[in-house]
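Enquirer: My structure is in model15.txt, and what it holds is compact mmCIF, C-alpha atoms and all ligand atoms:
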# COMPACT_ATOMS: atom_id res chain seq x y z
CA MET R 16 29.50 24.71 198.31
CA LYS R 17 30.47 28.35 199.03
CA LYS R 18 34.20 29.02 199.57
CA ALA R 19 35.73 31.43 202.06
CA ILE R 20 39.15 32.30 203.48
CA VAL R 21 39.71 33.64 206.98
CA VAL R 22 43.13 35.27 207.33
CA GLY R 23 43.92 35.13 211.05
CA ALA R 24 41.78 32.18 212.11
CA THR R 25 44.05 30.86 214.89
CA SER R 26 42.34 32.82 217.67
CA GLY R 27 39.85 35.51 218.60
CA ILE R 28 37.33 36.95 216.17
CA GLY R 29 38.72 35.13 213.10
CA ASN R 30 38.59 31.78 214.87
CA GLU R 31 34.93 32.29 215.81
CA LEU R 32 34.02 33.50 212.32
CA ALA R 33 35.60 30.40 210.76
CA LYS R 34 33.34 28.21 212.94
CA ILE R 35 30.23 30.22 211.97
CA LEU R 36 31.09 29.91 208.27
CA ILE R 37 31.30 26.12 208.63
CA GLU R 38 27.90 26.08 210.38
CA ASN R 39 26.57 27.98 207.37
CA GLY R 40 27.79 25.49 204.81
CA TYR R 41 31.05 27.09 203.68
CA LYS R 42 34.30 25.35 202.89
CA VAL R 43 36.89 27.49 204.68
CA GLY R 44 40.58 28.16 204.13
CA ILE R 45 42.15 29.12 207.44
CA THR R 46 45.45 30.93 208.00
CA GLY R 47 47.67 32.22 210.79
CA ARG R 48 51.19 31.58 212.10
CA ARG R 49 50.22 29.09 214.84
CA LYS R 50 49.77 25.89 212.84
CA SER R 51 48.79 23.91 215.96
CA GLU R 52 45.74 26.17 216.44
CA LEU R 53 44.74 25.71 212.80
CA GLU R 54 45.06 21.94 213.21
CA LYS R 55 42.85 22.05 216.33
CA LEU R 56 40.17 23.86 214.33
CA LYS R 57 40.47 21.45 211.41
CA GLN R 58 39.99 18.47 213.73
CA THR R 59 36.46 19.74 214.51
CA ASN R 60 35.47 19.37 210.85
CA PRO R 61 38.29 17.79 208.82
CA HIS R 62 36.55 17.86 205.40
CA SER R 63 35.51 21.50 205.52
CA TYR R 64 38.74 23.26 206.51
CA ILE R 65 41.92 23.73 204.49
CA ILE R 66 44.98 24.95 206.38
CA SER R 67 47.62 27.36 205.13
CA SER R 68 49.95 28.52 207.88
CA PHE R 69 52.04 31.59 207.12
CA ASP R 70 53.25 34.88 208.56
CA CYS R 71 51.61 37.73 206.64
CA THR R 72 54.62 39.98 207.32
CA SER R 73 57.27 37.67 205.91
CA GLU R 74 55.60 35.54 203.26
CA ASN R 75 54.32 36.44 199.83
CA ASN R 76 50.64 36.81 200.76
CA SER R 77 49.45 36.90 197.15
CA THR R 78 51.07 33.56 196.31
CA LYS R 79 49.79 31.95 199.54
CA LEU R 80 46.24 33.18 198.90
CA SER R 81 46.29 32.08 195.25
CA GLN R 82 47.42 28.59 196.29
CA LEU R 83 44.79 28.35 199.02
CA THR R 84 42.05 29.52 196.65
CA GLU R 85 43.12 26.88 194.14
CA GLN R 86 42.92 24.20 196.87
CA LEU R 87 39.45 25.44 197.88
CA GLY R 88 38.29 25.41 194.26
CA GLY R 89 37.21 29.07 194.21
CA LEU R 90 36.53 32.02 196.50
CA GLU R 91 33.39 34.02 197.26
CA LEU R 92 34.33 35.60 200.59
CA LEU R 93 37.60 36.64 202.20
CA ILE R 94 37.72 37.86 205.80
CA LEU R 95 40.91 39.56 206.93
CA SER R 96 41.13 39.32 210.72
CA SER R 97 44.93 39.24 211.21
CA GLY R 98 45.99 42.35 213.07
CA THR R 99 48.34 43.48 215.78
CA GLY R 100 49.05 46.46 217.99
CA ASP R 101 50.66 47.26 221.33
CA LEU R 102 50.62 50.07 223.81
CA ASN R 103 53.74 52.07 223.04
CA GLU R 104 54.03 55.21 225.15
CA LYS R 105 57.83 55.26 224.68
CA LEU R 106 57.48 55.29 220.90
CA ASP R 107 59.69 52.24 220.42
CA PHE R 108 60.04 52.04 216.64
CA LYS R 109 60.24 48.23 216.70
CA ILE R 110 56.72 48.08 218.13
CA GLU R 111 55.35 50.66 215.70
CA ASN R 112 57.03 48.95 212.76
CA ARG R 113 55.64 45.52 213.70
CA THR R 114 52.17 47.05 213.71
CA ASN R 115 52.65 48.82 210.39
CA LEU R 116 54.12 45.74 208.69
CA LEU R 117 50.95 43.77 209.40
CA ASN R 118 48.17 46.38 209.62
CA VAL R 119 49.37 48.50 206.72
CA ASN R 120 51.75 46.61 204.40
CA ALA R 121 50.35 43.08 204.64
CA PHE R 122 46.79 44.46 204.84
CA THR R 123 47.33 46.31 201.56
CA GLU R 124 48.74 43.28 199.77
CA ILE R 125 45.91 41.04 200.99
CA VAL R 126 43.00 43.37 200.18
CA ASP R 127 44.52 44.27 196.79
CA TRP R 128 45.01 40.62 195.87
CA THR R 129 41.41 39.89 196.93
CA PHE R 130 39.87 42.83 195.09
CA ASN R 131 41.76 41.97 191.89
CA TYR R 132 40.70 38.31 192.16
CA PHE R 133 37.05 39.36 192.58
CA GLN R 134 37.32 41.84 189.73
CA THR R 135 38.56 39.06 187.42
CA GLN R 136 35.71 36.74 188.44
CA LYS R 137 33.29 39.73 188.41
CA LYS R 138 31.95 39.20 191.92
CA GLY R 139 32.94 38.58 195.54
CA HIS R 140 32.89 39.88 199.08
CA LEU R 141 35.89 41.28 200.97
CA VAL R 142 35.59 41.82 204.72
CA ALA R 143 38.28 43.36 206.93
CA ILE R 144 38.25 43.75 210.70
CA SER R 145 39.49 47.29 211.32
CA SER R 146 38.63 49.01 214.62
CA ILE R 147 36.83 51.89 216.26
CA ALA R 148 40.42 52.95 217.08
CA GLY R 149 40.81 54.14 213.49
CA ILE R 150 38.53 57.10 214.10
CA ARG R 151 40.94 59.25 216.17
CA GLY R 152 44.62 59.23 217.12
CA SER R 153 46.04 57.75 220.34
CA ARG R 154 49.00 58.84 222.48
CA LEU R 155 49.07 55.32 224.00
CA ALA R 156 49.21 53.28 220.78
CA PRO R 157 49.94 55.75 217.97
CA ALA R 158 50.71 53.21 215.24
CA TYR R 159 47.72 51.02 216.08
CA ASN R 160 45.20 53.84 215.74
CA ALA R 161 46.96 55.30 212.70
CA SER R 162 47.12 51.91 210.97
CA LYS R 163 43.42 51.36 211.62
CA ALA R 164 42.66 54.83 210.20
CA TYR R 165 44.57 53.73 207.09
CA GLN R 166 42.41 50.61 206.88
CA LEU R 167 39.13 52.56 207.20
CA ASN R 168 40.23 54.90 204.45
CA TYR R 169 41.61 52.17 202.18
CA LEU R 170 38.42 50.14 202.41
CA GLU R 171 36.37 53.24 201.58
CA GLY R 172 38.51 53.63 198.46
CA LEU R 173 37.83 50.02 197.46
CA ARG R 174 34.08 50.49 197.99
CA GLN R 175 34.22 53.52 195.70
CA LYS R 176 36.19 51.49 193.13
CA ALA R 177 33.66 48.64 193.23
CA THR R 178 30.82 51.11 192.64
CA LYS R 179 32.63 52.77 189.71
CA ILE R 180 33.34 49.50 187.90
CA LYS R 181 29.70 48.46 188.43
CA LEU R 182 30.44 44.94 189.59
CA PRO R 183 28.81 43.11 192.51
CA ILE R 184 31.97 43.28 194.62
CA TYR R 185 31.18 44.08 198.24
CA VAL R 186 33.69 45.59 200.67
CA THR R 187 32.75 45.45 204.34
CA ASP R 188 34.63 47.35 207.05
CA ILE R 189 33.97 45.87 210.51
CA ARG R 190 34.78 48.30 213.32
CA PRO R 191 34.75 46.54 216.71
CA GLY R 192 34.91 48.29 220.05
CA PHE R 193 36.31 46.03 222.79
CA VAL R 194 36.18 42.25 222.29
CA ASP R 195 37.51 39.78 224.88
CA THR R 196 40.58 38.57 222.95
CA ASP R 197 44.35 38.98 223.40
CA MET R 198 44.13 42.14 221.30
CA ALA R 199 42.11 44.09 223.89
CA LYS R 200 45.08 45.73 225.65
CA SER R 201 43.69 49.08 226.76
CA GLU R 202 43.78 49.73 230.52
CA VAL R 203 40.27 51.18 230.52
CA GLN R 204 37.72 48.90 228.89
CA PHE R 205 33.92 49.02 228.73
CA TRP R 206 31.11 47.40 226.74
CA VAL R 207 33.44 44.40 226.20
CA ALA R 208 31.75 41.81 223.95
CA THR R 209 32.56 38.13 224.01
CA LYS R 210 34.28 36.96 220.84
CA GLU R 211 31.30 34.67 220.18
CA LYS R 212 28.82 37.57 220.30
CA ALA R 213 31.09 39.78 218.19
CA ALA R 214 31.44 37.06 215.54
CA ARG R 215 27.68 36.46 215.41
CA GLN R 216 27.04 40.18 214.85
CA ILE R 217 29.80 40.34 212.23
CA PHE R 218 28.27 37.43 210.32
CA ARG R 219 24.89 39.19 210.26
CA ILE R 220 26.59 42.31 208.82
CA ILE R 221 28.35 40.16 206.22
CA LYS R 222 25.07 38.52 205.17
CA ARG R 223 23.52 41.98 204.67
CA LYS R 224 26.57 43.03 202.61
CA ARG R 225 26.83 46.26 204.59
CA GLY R 226 29.68 48.69 203.82
CA ILE R 227 30.46 49.49 207.47
CA GLY R 228 29.45 47.67 210.65
CA TYR R 229 30.06 48.56 214.29
CA VAL R 230 30.46 45.66 216.74
CA THR R 231 28.73 45.61 219.06
CA LYS R 232 26.08 47.86 217.50
CA ARG R 233 26.18 50.53 220.19
CA TRP R 234 29.81 51.38 219.32
CA TRP R 235 28.24 53.40 216.51
CA ILE R 236 27.39 56.00 219.17
CA VAL R 237 31.00 56.12 220.38
CA ALA R 238 32.18 56.57 216.78
CA LYS R 239 29.83 59.55 216.34
CA LEU R 240 30.88 61.10 219.66
CA LEU R 241 34.60 60.62 218.95
CA ARG R 242 34.23 62.53 215.69
CA LEU R 243 32.45 65.39 217.44
CA ILE R 244 35.17 66.06 220.04
CA PRO R 245 36.97 69.27 218.98
CA HIS R 246 40.71 68.92 218.27
CA GLY R 247 41.55 71.39 221.05
CA MET R 248 39.78 69.20 223.59
CA TYR R 249 40.89 65.85 222.14
CA LYS R 250 44.59 66.69 222.41
CA ARG R 251 44.26 67.10 226.22
CA MET R 252 42.63 63.70 226.70
N1 LIG M 1 39.82 42.48 220.46
C1 LIG M 1 39.49 43.74 220.34
O1 LIG M 1 39.12 44.43 221.32
C2 LIG M 1 39.53 44.39 218.98
C3 LIG M 1 38.95 45.64 218.85
C4 LIG M 1 38.97 46.26 217.61
C5 LIG M 1 39.55 45.64 216.53
N2 LIG M 1 40.13 44.42 216.68
C6 LIG M 1 40.76 43.82 215.49
O2 LIG M 1 40.26 42.53 215.28
C7 LIG M 1 41.22 41.77 214.54
C8 LIG M 1 41.33 40.38 215.16
O3 LIG M 1 41.90 40.49 216.46
P1 LIG M 1 41.37 39.63 217.69
O4 LIG M 1 40.75 40.57 218.65
O5 LIG M 1 40.62 38.46 217.23
O6 LIG M 1 42.79 39.22 218.36
P2 LIG M 1 43.65 37.88 218.31
O7 LIG M 1 42.94 36.76 218.96
O8 LIG M 1 44.98 38.28 218.84
O9 LIG M 1 43.76 37.56 216.74
C9 LIG M 1 44.74 38.13 215.94
C10 LIG M 1 44.94 37.23 214.73
O10 LIG M 1 45.95 37.84 213.92
C11 LIG M 1 46.87 36.83 213.55
N3 LIG M 1 48.19 37.42 213.32
C12 LIG M 1 48.90 38.21 214.16
N4 LIG M 1 50.10 38.50 213.61
C13 LIG M 1 50.14 37.85 212.40
C14 LIG M 1 51.09 37.73 211.37
N5 LIG M 1 52.28 38.35 211.46
N6 LIG M 1 50.79 36.99 210.28
C15 LIG M 1 49.61 36.37 210.19
N7 LIG M 1 48.63 36.44 211.11
C16 LIG M 1 48.92 37.17 212.21
C17 LIG M 1 46.90 35.89 214.75
O11 LIG M 1 47.38 34.63 214.34
P3 LIG M 1 48.85 34.05 214.69
O12 LIG M 1 49.32 34.70 215.95
O13 LIG M 1 48.64 32.58 214.83
O14 LIG M 1 49.67 34.40 213.49
C18 LIG M 1 45.43 35.84 215.12
O15 LIG M 1 44.78 34.86 214.36
C19 LIG M 1 42.52 42.59 214.57
O16 LIG M 1 42.70 43.22 213.34
C20 LIG M 1 42.26 43.63 215.64
O17 LIG M 1 42.97 44.82 215.41
C21 LIG M 1 40.12 43.77 217.88
As C-alpha cells, how would this structure be written, given the file I've shared?
Expert:
Amino acid sequence: MKKAIVVGATSGIGNELAKILIENGYKVGITGRRKSELEKLKQTNPHSYIISSFDCTSENNSTKLSQLTEQLGGLELLILSSGTGDLNEKLDFKIENRTNLLNVNAFTEIVDWTFNYFQTQKKGHLVAISSIAGIRGSRLAPAYNASKAYQLNYLEGLRQKATKIKLPIYVTDIRPGFVDTDMAKSEVQFWVATKEKAARQIFRIIKRKRGIGYVTKRWWIVAKLLRLIPHGMYKRM
C-alpha cells in the first residue's frame, strides 16, 4: 500500500486531497491543528487514516513528521497544504508575522525534512500548494504574496537539487487561483473553483509528476499576463 502525508488536511484543498488519496489506495497520515476535523475524516475510513494533530508554527515539525512516517510504515508522497494569510492594509506586524511563521519558516522545515527523507530513501514526491499570488507583490496582503513568492522560488531550488543529484525525487509546485475555501479572502474574485474540482485537478498533476501546475488550468494565462505587466504600471494597480 502506498503511503502519503497531507499536512493541513482539516479543511479545504488538503481535506479533499486526503479523500482522493484514500480512493486511490493510499494509506494517509493527516495533520492540522483542529483534531476534531481530523477525527471526522478518520471516521470515514478508520483503517486508512492516521492522525497527527499539531501546530506547524509551534511544534517541531521534523519530529512530528518522522513519527507519523514511522506509524505509516514509510512515505512516498507528502503534500503540504497548510497555509495562512490575511488582508493587511495597515501593515500590522502580528498579521505579517503569523503568515511568515507558517508560510516561510514552517514551510522550510517541512519541505527540507521531506526532501532529506526522500534523498535517504532515494525516491519520493513532494507537493506544496503555493499560489498564483506568489507571482507579483500585493499592497493588500504583502506578506501573503511575498511568502508565496518564497515558496515558488524555494521549490524551484529543490527541483534543481533533485535533478543535480540524479534521483527520482519529484517536487511539484501547485499554484491555485481562487478556490472556495476559507483562504479565499480577496474582495474581487473570479474563476473560483470548488475545492473538489481543484483537488481533482491537483491529483492529476501529481500523477503526471509535473514540476508546476496551475489550478484551475486557465490560471496559467493569468500567471503569464501578471508577469508581463510593466513595473511602472503594476505599482499603480
Ligand atoms: N483558497 C484559495 O483561493 C487559495 C488560492 C491559492 C492558494 N491557496 C493555498 O492553498 C493552501 C490550502 O488552503 P485552503 O484554501 O485549503 O484553505 P483552508 O481550508 O483554510 O486550509 C488551510 C489549512 O492550513 C492549516 N493550517 C493553518 N494554520 C496552521 C498551523 N499553524 N499549523 C498547521 N496547520 C495549519 C489548516 O488547519 P488547522 O486550522 O486545523 O490547523 C487547514 O488545514 C494554502 O497554502 C493556501 O495559501 C489557496
Enquirer: Which is closer to ligand LIG 1 (chain M) than all the others in R:Leu116, R:Ala199, R:Ile94, R:Ile65, using all atoms listed in the file?
Expert: R:Ala199
Enquirer: Hey, which residues sit close to ligand LIG 1 (chain M)? Say within 8 Å, counting all atoms listed in the file, and write them as a VMD selection string.
Expert: chain R and resid 22 to 30 46 to 50 52 69 to 73 95 to 100 117 to 118 143 to 148 159 163 190 to 200 207 210
Enquirer: Which is closer to R:Lys138 than all the others in R:Lys57, R:Arg154, R:Lys181, R:Arg225, using all atoms listed in the file?
Expert: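 Of all the options, R:Lys181 lies closest to R:Lys138.
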Enquirer: Determine the nearest neighbour of R:Asp127 from the options R:Asn112, R:Val186, R:Lys239, R:Leu155, counting only C-alpha atoms.
Expert: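 Checking each candidate against R:Asp127, we get R:Val186 as the closest.
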Enquirer: May I ask for the distance between atom CA of R:Val142 and atom CA of R:Val21, given in Å to one decimal place?
Expert: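 Value for the atom CA of R:Val142-atom CA of R:Val21 distance: 9.4 Å.
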